[in-house]
Amino acid sequence: MIGVYAKVQKATDTVRDTFLIDPAVVLIAVGVVMFFITFCGCVGALRDNIRLLRAFSFSLTLVFLTQLSIAVLGFFYSDQTRQAVGTFVKKAIVHYRDDLDLQNLMDYIQKEFKCCGWNDYTDWSWNLYFNCTEGNPSTERCAVPFSCCTPIPGEAVINTMCGFGVQAQSSLEADRSIYPVGCADRAVVWIESHLLLVGALTLGLALPQIAGIVLSQILITQIQDEISAVL
């Protein structure tokens, strides 16, 4: 419902290139999948319906194997994974001013990871408004979003113009006002320094799915045994 509300409430929906990376679309897709799985599991268990329980077990197994495959491929093909994520981030940067959800997502990532752009802060030239070419008439030419700026201690009001003209500066000069490091390197450092947390989250996602698969199979076996006993 949140995904549908977010999609409906958008002022414009003309950016087709961002459809697959739209957070609202992702929420809708995840919500539909979760509703289908939980519906099959709950109704199947209440009604002793073998078909629904098998659909529940199959769907949960498919989701688990998909997650496992993504994790394995991401580990063994780290360069390709980094390139794929980089493509996503590039689209988010390109459409930063076109999609409010992507804008909020990029601002959140940059503030939390203390980074700017994907490789570095000059990646914001991918955006039409921030492009640093001389012929760009935008007032935000050579700028970066305020989420790239390093916070000033005691600052009560955020200066949204703190990143203006930064792309025209060298890395040493930019380091005085923004995070010059790209989010790609920051993400790698964060994962390496939080391996225990990543492992715990992975285990927390996997265990309920495995338990659901096992319990549904046990219930299916019990129902089949009861049917056989009656016959």
# chains A, B, ... in the order shown; residues from 1 in each chain; ligands from 1

$ select_by_dssp --residues "range 57-229 of chain A" --states "helix (DSSP H, G or I)" --output "number ranges by chain"
A: 57-76, 78-94, 100-113, 121-126, 146-148, 166-168, 171-174, 183-193, 195-229

$ residues_around --residues "Tyr121 in chain A" --least-positions-apart "2" --cutoff "7 Å" --atoms "only C-alpha atoms" --output "VMD selection string"
chain A and resid 116 to 117 123 to 124 167 180 182

$ closest_residue --among "A:Leu62, A:Cys132, A:Met161, A:Met106" --to "Lys90 in chain A" --atoms "only C-alpha atoms"
A:Met106

$ residues_around --residues "Gln110 in chain A" --least-positions-apart "6" --cutoff "12 Å" --atoms "only C-alpha atoms" --output "PDB file with C-alpha atoms, in the first residue's frame"
ATOM      1  CA  VAL A  89      23.654   4.898  -9.141  1.00  0.00           C
ATOM      2  CA  ILE A  93      22.306  10.723 -10.478  1.00  0.00           C
ATOM      3  CA  GLN A 103      16.615  12.288  -4.917  1.00  0.00           C
ATOM      4  CA  ASN A 104      15.794  11.388  -1.313  1.00  0.00           C
ATOM      5  CA  CYS A 116      29.687  12.059  -2.954  1.00  0.00           C
ATOM      6  CA  GLY A 117      28.906  10.489  -6.339  1.00  0.00           C
ATOM      7  CA  TRP A 118      29.796   6.921  -7.256  1.00  0.00           C
ATOM      8  CA  ASP A 120      33.990  10.739  -6.833  1.00  0.00           C
ATOM      9  CA  TYR A 121      32.181  14.076  -6.651  1.00  0.00           C
ATOM     10  CA  VAL A 144      26.887  18.963  -6.110  1.00  0.00           C
ATOM     11  CA  PRO A 145      23.855  18.257  -3.864  1.00  0.00           C
ATOM     12  CA  PHE A 146      23.907  19.569  -0.302  1.00  0.00           C
ATOM     13  CA  SER A 147      24.040  15.960   0.944  1.00  0.00           C
ATOM     14  CA  CYS A 148      27.686  15.887  -0.216  1.00  0.00           C
ATOM     15  CA  CYS A 149      28.631  18.709   2.143  1.00  0.00           C
ATOM     16  CA  THR A 150      30.435  18.083   5.408  1.00  0.00           C
ATOM     17  CA  ILE A 178      32.366  18.160   0.830  1.00  0.00           C
ATOM     18  CA  TYR A 179      33.051  14.436   1.027  1.00  0.00           C
ATOM     19  CA  PRO A 180      35.383  13.948  -1.977  1.00  0.00           C
ATOM     20  CA  VAL A 181      35.343  10.138  -1.710  1.00  0.00           C
ATOM     21  CA  GLY A 182      32.908   8.195  -3.920  1.00  0.00           C
ATOM     22  CA  CYS A 183      30.176   5.999  -2.461  1.00  0.00           C
ATOM     23  CA  ALA A 184      31.614   2.868  -4.121  1.00  0.00           C
ATOM     24  CA  ARG A 186      32.742   3.921   1.131  1.00  0.00           C
ATOM     25  CA  ALA A 187      30.336   1.005   0.667  1.00  0.00           C
TER      26      ALA A 187
END

$ closest_atom_pairs --of "range 143-224 of chain A" --to "range 28-47 of chain A" --cutoff "9 Å" --atoms "only C-alpha atoms" --output "JSON lines"
{"residue": "A:Gly212", "atom": "CA", "partner": "A:Gly41", "partner_atom": "CA", "distance": 8.7}
{"residue": "A:Ser216", "atom": "CA", "partner": "A:Gly41", "partner_atom": "CA", "distance": 7.8}
{"residue": "A:Leu219", "atom": "CA", "partner": "A:Ala45", "partner_atom": "CA", "distance": 7.8}

$ write_last_selection --atoms "C-alpha atoms" --output "PDB file, in the first residue's frame"
ATOM      1  CA  GLY A 212       8.792 -21.819   6.697  1.00  0.00           C
ATOM      2  CA  SER A 216       5.158 -26.357   5.299  1.00  0.00           C
ATOM      3  CA  LEU A 219       2.337 -30.028   7.368  1.00  0.00           C
TER       4      LEU A 219
END

$ closest_residue --among "A:Thr202, A:Ser59, A:Thr122, A:Asn127" --to "Lys91 in chain A" --atoms "only C-alpha atoms"
A:Asn127

$ residues_around --residues "Ile227 in chain A" --least-positions-apart "4" --cutoff "12 Å" --atoms "only C-alpha atoms" --output "PyMOL selection string"
chain A and resi 48-50+220-223+231

$ write_last_selection --atoms "C-alpha atoms" --output "PDB file, in the first residue's frame"
ATOM      1  CA  ASP A  48      -5.327 -27.850   5.158  1.00  0.00           C
ATOM      2  CA  ASN A  49      -5.077 -27.063   1.453  1.00  0.00           C
ATOM      3  CA  ILE A  50      -2.136 -28.976  -0.002  1.00  0.00           C
ATOM      4  CA  ILE A 220       1.885 -31.295   3.799  1.00  0.00           C
ATOM      5  CA  THR A 221       3.162 -34.731   4.867  1.00  0.00           C
ATOM      6  CA  GLN A 222       0.783 -34.806   7.854  1.00  0.00           C
ATOM      7  CA  ILE A 223      -2.218 -33.874   5.689  1.00  0.00           C
ATOM      8  CA  LEU A 231      -9.021 -43.750   2.421  1.00  0.00           C
TER       9      LEU A 231
END

$ atom_distance --atom1 "CA of Leu52 in chain A" --atom2 "CA of Gln67 in chain A"
22.4 Å

$ closest_residue --among "A:Gln209, A:Gln224, A:Ser138, A:Gln217" --to "Phe64 in chain A" --atoms "only C-alpha atoms"
A:Gln209
